[in-house]
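Shown here: upload-v3.csv, CSV, C-alpha atoms.
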chain,number,residue,atom,x,y,z
A,1,MET,CA,60.0,22.3,5.2
A,2,ALA,CA,60.0,18.7,3.9
A,3,THR,CA,61.2,16.1,6.4
A,4,HIS,CA,63.6,13.3,5.5
A,5,THR,CA,60.7,10.8,5.7
A,6,GLU,CA,58.6,12.8,3.2
A,7,ARG,CA,61.5,13.0,0.8
A,8,GLU,CA,61.9,9.2,1.0
A,9,ARG,CA,58.2,8.6,0.4
A,10,LEU,CA,58.2,11.0,-2.6
A,11,GLU,CA,61.3,9.3,-4.0
A,12,ARG,CA,59.7,5.9,-3.7
A,13,LEU,CA,56.6,7.2,-5.5
A,14,LEU,CA,58.7,8.6,-8.3
A,15,LEU,CA,60.7,5.4,-8.6
A,16,GLY,CA,57.5,3.4,-8.7
A,17,GLN,CA,56.2,5.5,-11.5
A,18,GLU,CA,59.4,5.2,-13.4
A,19,ASN,CA,59.2,1.4,-13.1
A,20,ILE,CA,55.6,1.5,-14.5
A,21,MET,CA,56.7,3.6,-17.4
A,22,GLU,CA,59.5,1.2,-18.2
A,23,GLU,CA,57.2,-1.7,-18.2
A,24,VAL,CA,54.8,0.1,-20.5
A,25,TYR,CA,57.7,1.0,-22.8
A,26,LEU,CA,58.9,-2.7,-22.9
A,27,LEU,CA,55.3,-3.8,-23.6
A,28,LEU,CA,54.9,-1.4,-26.5
A,29,HIS,CA,58.3,-2.4,-27.8
A,30,ASP,CA,57.3,-6.1,-27.8
A,31,GLU,CA,54.0,-5.2,-29.6
A,32,GLN,CA,55.9,-3.3,-32.3
A,33,LYS,CA,58.3,-6.2,-32.8
A,34,GLN,CA,55.3,-8.5,-33.3
A,35,ASP,CA,53.8,-6.1,-35.8
A,36,ASP,CA,57.0,-5.9,-37.7
A,37,LEU,CA,57.3,-9.7,-37.7
A,38,LEU,CA,53.8,-10.0,-39.2
A,39,LYS,CA,54.5,-7.4,-41.9
A,40,ALA,CA,57.7,-9.3,-42.7
A,41,MET,CA,55.7,-12.5,-43.0
A,42,VAL,CA,53.2,-10.9,-45.4
A,43,ARG,CA,56.0,-9.4,-47.6
A,44,SER,CA,57.8,-12.7,-47.8
A,45,SER,CA,54.7,-14.9,-48.6
A,46,MET,CA,55.1,-16.4,-52.1
A,47,LYS,CA,53.2,-19.7,-51.9
A,48,GLU,CA,49.8,-20.8,-50.7
A,49,HIS,CA,49.6,-22.8,-47.5
A,50,PRO,CA,46.0,-23.4,-46.2
A,51,ALA,CA,45.5,-22.2,-42.6
A,52,ARG,CA,43.3,-23.9,-40.1
A,53,ILE,CA,41.3,-21.2,-38.3
A,54,SER,CA,38.4,-21.7,-36.0
A,55,GLY,CA,35.6,-19.3,-35.1
A,56,ILE,CA,36.0,-17.1,-38.2
A,57,ASP,CA,33.2,-14.9,-39.6
A,58,PRO,CA,31.6,-16.9,-42.6
A,59,GLU,CA,30.7,-13.6,-44.2
A,60,ARG,CA,34.3,-12.9,-44.8
A,61,VAL,CA,35.1,-16.2,-46.5
A,62,TYR,CA,35.1,-16.3,-50.3
A,63,HIS,CA,35.6,-19.0,-52.9
A,64,ARG,CA,38.3,-18.7,-55.5
A,65,ASP,CA,35.6,-18.5,-58.3
A,66,SER,CA,34.1,-15.5,-56.7
A,67,ILE,CA,37.5,-13.8,-56.3
A,68,LYS,CA,38.2,-14.5,-60.0
A,69,ALA,CA,34.9,-13.0,-61.1
A,70,LEU,CA,35.6,-9.8,-59.1
A,71,CYS,CA,39.1,-9.6,-60.5
A,72,VAL,CA,37.8,-9.9,-64.1
A,73,ARG,CA,35.1,-7.4,-63.4
A,74,TYR,CA,37.4,-4.7,-62.0
A,75,ARG,CA,40.7,-5.8,-63.8
A,76,LEU,CA,42.6,-6.8,-60.6
A,77,ARG,CA,45.2,-9.3,-59.8
A,78,PHE,CA,45.1,-12.0,-57.1
A,79,LEU,CA,48.7,-12.9,-56.3
A,80,PRO,CA,50.9,-13.8,-53.3
A,81,ALA,CA,51.4,-10.9,-50.9
A,82,GLY,CA,55.2,-11.2,-51.4
A,83,LEU,CA,54.7,-9.5,-54.8
A,84,PHE,CA,52.9,-6.5,-53.3
A,85,LYS,CA,54.9,-3.3,-53.3
A,86,GLY,CA,52.6,-1.0,-51.4
A,87,PRO,CA,52.6,-0.3,-47.6
A,88,ILE,CA,50.8,-2.7,-45.2
A,89,PRO,CA,48.6,-0.5,-43.0
A,90,ASN,CA,48.5,-1.0,-39.2
A,91,GLN,CA,44.8,-1.8,-39.3
A,92,ALA,CA,45.6,-4.8,-41.5
A,93,VAL,CA,48.3,-6.0,-39.1
A,94,TYR,CA,45.9,-5.6,-36.1
A,95,ALA,CA,43.3,-7.7,-38.0
A,96,LEU,CA,46.0,-10.3,-38.7
A,97,ARG,CA,47.0,-10.5,-35.0
A,98,GLY,CA,43.3,-11.1,-34.1
A,99,LEU,CA,43.0,-13.8,-36.7
A,100,GLU,CA,46.3,-15.5,-35.6
A,101,ARG,CA,44.9,-15.9,-32.1
A,102,LYS,CA,42.2,-18.2,-33.7
A,103,SER,CA,44.7,-20.1,-35.8
A,104,GLU,CA,46.1,-23.5,-34.9
A,105,ALA,CA,49.5,-22.4,-36.1
A,106,PRO,CA,51.3,-19.1,-37.0
A,107,LEU,CA,50.0,-17.6,-40.3
A,108,THR,CA,52.6,-17.9,-43.1
A,109,SER,CA,50.6,-17.6,-46.3
A,110,PHE,CA,48.9,-14.5,-47.6
A,111,MET,CA,47.2,-13.4,-50.8
A,112,LEU,CA,46.4,-9.9,-52.1
A,113,MET,CA,43.9,-8.7,-54.6
A,114,ALA,CA,44.8,-5.3,-56.1
A,115,PRO,CA,45.5,-3.6,-59.4
A,116,ALA,CA,48.5,-4.7,-61.4
A,117,ARG,CA,50.6,-1.6,-60.7
A,118,ARG,CA,50.5,-2.4,-57.0
A,119,PHE,CA,52.6,-5.6,-57.6
A,120,LYS,CA,56.2,-6.2,-58.4
A,121,LEU,CA,55.5,-8.1,-61.6
A,122,CYS,CA,58.1,-10.3,-63.2
A,123,ASP,CA,58.8,-8.1,-66.2
A,124,SER,CA,58.6,-4.7,-65.2
A,125,GLU,CA,46.4,-0.3,-60.5
A,126,VAL,CA,43.7,0.4,-56.3
A,127,ASP,CA,42.2,-1.3,-53.6
A,128,PRO,CA,44.3,-4.0,-52.0
A,129,LEU,CA,42.4,-6.8,-50.2
A,130,LEU,CA,44.4,-9.0,-47.9
A,131,PHE,CA,43.4,-12.7,-47.8
A,132,VAL,CA,44.5,-15.8,-45.9
A,133,PRO,CA,44.0,-19.1,-47.9
A,134,LEU,CA,41.9,-21.8,-46.3
A,135,ASP,CA,41.0,-25.3,-47.4
A,136,ASN,CA,38.9,-26.2,-50.5
A,137,ASP,CA,39.8,-23.1,-52.5
A,138,LEU,CA,38.4,-20.8,-49.9
A,139,TYR,CA,40.0,-17.5,-48.7
A,140,TYR,CA,39.4,-15.4,-45.7
A,141,LEU,CA,39.3,-11.6,-46.2
A,142,VAL,CA,41.5,-10.1,-43.5
A,143,HIS,CA,41.4,-6.4,-44.4
A,144,LYS,CA,40.7,-4.0,-47.2
A,145,TRP,CA,42.2,-0.5,-47.6
A,146,GLY,CA,42.0,2.2,-50.3
A,147,ASN,CA,39.0,3.6,-52.1
A,148,ASP,CA,39.6,2.9,-55.8
A,149,LEU,CA,37.3,-0.1,-56.2
A,150,GLY,CA,34.3,1.7,-57.5
A,151,PRO,CA,31.8,1.7,-60.4
A,152,ILE,CA,34.0,3.9,-62.6
A,153,ARG,CA,36.8,1.4,-62.6
A,154,ARG,CA,34.3,-1.4,-63.4
A,155,ILE,CA,32.9,0.6,-66.4
A,156,LEU,CA,36.2,1.6,-67.8
A,157,ASN,CA,37.6,-1.9,-67.7
A,158,TRP,CA,34.4,-3.6,-69.0
A,159,PRO,CA,35.8,-4.0,-72.6
A,160,LEU,CA,39.0,-5.7,-71.2
A,161,ARG,CA,37.2,-8.6,-69.5
A,162,THR,CA,37.1,-11.1,-72.5
A,163,PRO,CA,37.4,-11.0,-76.3
A,164,ALA,CA,33.6,-10.9,-76.6
A,165,HIS,CA,33.4,-7.8,-74.5
A,166,LEU,CA,36.0,-6.0,-76.6
A,167,ALA,CA,34.3,-7.1,-79.9
A,168,THR,CA,31.0,-5.8,-78.5
A,169,LEU,CA,32.6,-2.4,-77.8
A,170,VAL,CA,34.1,-2.2,-81.3
A,171,VAL,CA,30.7,-3.0,-83.0
A,172,LEU,CA,28.9,-0.4,-80.7
A,173,PHE,CA,31.5,2.2,-81.6
A,174,ALA,CA,31.1,1.5,-85.3
A,175,MET,CA,27.3,1.8,-85.0
A,176,VAL,CA,27.5,5.1,-83.2
A,177,LEU,CA,30.0,6.4,-85.8
A,178,THR,CA,27.7,5.3,-88.6
A,179,MET,CA,24.8,7.1,-87.1
A,180,PHE,CA,26.6,10.4,-86.9
A,181,VAL,CA,28.1,10.5,-90.4
A,182,PRO,CA,26.0,12.8,-92.7
A,183,THR,CA,24.3,11.1,-95.7
A,184,GLY,CA,26.0,13.5,-98.1
A,185,ILE,CA,29.4,12.0,-97.3
A,186,LEU,CA,28.1,8.4,-97.9
A,187,THR,CA,26.4,9.0,-101.2
A,188,SER,CA,26.3,11.5,-104.0
A,189,ASP,CA,22.6,11.0,-104.6
A,190,PRO,CA,20.9,14.2,-103.3
A,191,ALA,CA,17.5,12.3,-103.0
A,192,ALA,CA,19.0,9.5,-100.8
A,193,SER,CA,17.3,9.0,-97.4
A,194,PHE,CA,19.1,8.7,-94.1
A,195,TRP,CA,18.6,4.9,-94.0
A,196,GLY,CA,19.7,2.9,-97.0
A,197,PHE,CA,22.3,0.5,-98.4
A,198,HIS,CA,24.9,3.2,-98.3
A,199,ARG,CA,24.7,3.4,-94.5
A,200,VAL,CA,24.7,-0.4,-94.1
A,201,LEU,CA,27.8,-0.6,-96.3
A,202,PHE,CA,29.5,2.1,-94.2
A,203,LEU,CA,28.6,0.2,-91.1
A,204,PHE,CA,30.5,-2.9,-92.3
A,205,TRP,CA,33.4,-0.7,-93.4
A,206,SER,CA,33.5,1.0,-90.0
A,207,ILE,CA,33.5,-2.4,-88.2
A,208,MET,CA,36.4,-3.7,-90.3
A,209,VAL,CA,38.5,-0.5,-89.8
A,210,CYS,CA,37.8,-0.3,-86.1
A,211,SER,CA,38.6,-4.0,-85.7
A,212,SER,CA,41.8,-3.6,-87.6
A,213,PHE,CA,43.0,-0.7,-85.4
A,214,THR,CA,41.9,-2.5,-82.2
A,215,VAL,CA,43.7,-5.7,-83.1
A,216,PHE,CA,46.8,-3.9,-84.1
A,217,GLY,CA,46.9,-1.8,-80.9
A,218,TRP,CA,46.1,-4.9,-78.7
A,219,PHE,CA,49.0,-6.9,-80.0
A,220,ALA,CA,51.3,-3.9,-80.3
A,221,PHE,CA,50.9,-3.2,-76.6
A,222,PHE,CA,50.8,-6.8,-75.6
A,223,GLY,CA,47.2,-6.6,-74.4
A,224,GLN,CA,46.0,-9.2,-71.9
A,225,PHE,CA,42.3,-9.9,-71.1
A,226,SER,CA,41.2,-9.8,-67.4
A,227,ALA,CA,40.0,-13.4,-67.6
A,228,GLU,CA,43.5,-14.5,-68.3
A,229,ALA,CA,45.5,-11.9,-66.3
A,230,TRP,CA,43.7,-12.1,-62.9
A,231,ASN,CA,46.3,-14.4,-61.3
A,232,SER,CA,49.2,-13.8,-63.6
A,233,LYS,CA,52.6,-12.8,-62.2
A,234,TYR,CA,53.6,-11.2,-65.5
A,235,PHE,CA,52.8,-7.6,-66.6
A,236,ASN,CA,52.0,-8.8,-70.2
Let me see the structure of the file written as structure tokens.
Amino acid sequence: MATHTERERLERLLLGQENIMEEVYLLLHDEQKQDDLLKAMVRSSMKEHPARISGIDPERVYHRDSIKALCVRYRLRFLPAGLFKGPIPNQAVYALRGLERKSEAPLTSFMLMAPARRFKLCDSEVDPLLFVPLDNDLYYLVHKWGNDLGPIRRILNWPLRTPAHLATLVVLFAMVLTMFVPTGILTSDPAASFWGFHRVLFLFWSIMVCSSFTVFGWFAFFGQFSAEAWNSKYFN
């Protein structure tokens, strides 16, 4: 049978545990508030303000020209994070908090590299990369999430890099088409060989026809080359 002293000791122990749990809850609540504040800062960032951060990993610092080259290669956009419409993962927030401890002032400017469909573009694809701008056109890579930045995307978007890339694809397609067309369709001479003036003439005809359809489709759908669209806020 428990004595009065034992009950008091047990009560004090339980109350102590309750106090500890309350402190843990308050601590977690404060941490969540800080995370929500950082997410709000990312989502409201619309302008570049260079941050002064000490002790950062130089392997994660990239020049604007390198970012542009990657955007052109994979047809991505590099825009203020305030235009991003996807979720900000907790890992990115955790990385930001670690970076903010090294910063001289709170971080207020963020940039994201991602496919166009991940942004709220002004007149309306998928690996977002979160950057913090530094001085001298340098950017610090905070976090990357997703798994869509692969060789397939690079190959599929190769013709859209520049006009020269698209023209090269048109010529290659016309050459392949010329190779597969039977000689009997190109000339009525039964003794004609595979190679001859008739096939060269058909090659030039194929290039003109393919070019006409490509130009029509490009302007009809307001095409935009990656070299021009990589930092554009507009869908077309």
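The residue that comes closest to A:Met175, out of A:Cys210, A:Leu203, A:Ala229, A:Ile67 and on the basis of all atoms listed in the file, is A:Leu203.
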Atom-to-atom span, atom CA of A:Tyr139 and atom CA of A:Lys85, Å: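 Computing it gives 21.1 Å between the two atoms.
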Nearest to A:Arg77 among A:Phe219, A:Tyr94, A:Phe202, A:Phe119, with distances taken over only C-alpha atoms: which residue is it? A:Phe119
Find the spatial neighbours of A:Tyr140, counting all atoms listed in the file, within a cut-off of 7 Å - ignore same-chain residues fewer than 5 positions away - and output them as an MDAnalysis selection string. chainID A and resid 60:62 131:134
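Closest to A:Asp65 among A:Ala116, A:Leu138, A:Arg52, A:Ile152 is A:Leu138, based on all atoms listed in the file.
Distances from A:Met179, A:Leu141, A:Val200, A:Ile207 to A:Ala167 were compared using all atoms listed in the file, and the smallest one belongs to A:Ile207.
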So which residues touch A:Lys102 within 8 Å, counting only C-alpha atoms, skipping near sequence neighbours fewer than 4 positions away, as a PyMOL selection string? chain A and resi 53-56+98
Quick one: of A:His49, A:Arg75, A:Lys39, A:Arg154, who's nearest to A:Ala227, counting all atoms listed in the file?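 Ranking A:His49, A:Arg75, A:Lys39, A:Arg154 by distance to A:Ala227, first place goes to A:Arg75.
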A straight line from atom CA of A:Trp145 to atom CA of A:Pro128 spans 6.0 Å
Shell around A:Gly184 at 12 Å using all atoms listed in the file, local window under 5 positions removed, as a PyMOL selection string: chain A and resi 189-194+198-199
Report, in Å with one decimal, the straight-line distance from atom CA of A:Leu172 to atom CA of A:Ile185.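 That distance, rounded to one decimal, is 20.7 Å.
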Mind checking which residues fall within 9 Å of A:Pro159, counting all atoms listed in the file, ignoring those fewer than 6 positions away in the same chain, and posting them as a VMD selection string? chain A and resid 165 to 169 225
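Using all atoms listed in the file for every distance, the candidate list A:Lys33, A:Arg43, A:Arg97, A:Arg118 yields A:Arg43 as the residue closest to A:Gly82.
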Residues near A:Met111, cut-off 8 Å, only C-alpha atoms, skip fewer than 5 positions along chain, as a PDB file with C-alpha atoms, in the coordinates of the input:
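File produced: result-v9.pdb:
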ATOM      1  CA  SER A  45      54.700 -14.900 -48.600  1.00  0.00           C
ATOM      2  CA  GLU A  48      49.800 -20.800 -50.700  1.00  0.00           C
ATOM      3  CA  PHE A  78      45.100 -12.000 -57.100  1.00  0.00           C
ATOM      4  CA  LEU A  79      48.700 -12.900 -56.300  1.00  0.00           C
ATOM      5  CA  PRO A  80      50.900 -13.800 -53.300  1.00  0.00           C
ATOM      6  CA  ALA A  81      51.400 -10.900 -50.900  1.00  0.00           C
ATOM      7  CA  LEU A 130      44.400  -9.000 -47.900  1.00  0.00           C
ATOM      8  CA  PHE A 131      43.400 -12.700 -47.800  1.00  0.00           C
ATOM      9  CA  VAL A 132      44.500 -15.800 -45.900  1.00  0.00           C
ATOM     10  CA  PRO A 133      44.000 -19.100 -47.900  1.00  0.00           C
TER      11      PRO A 133
END
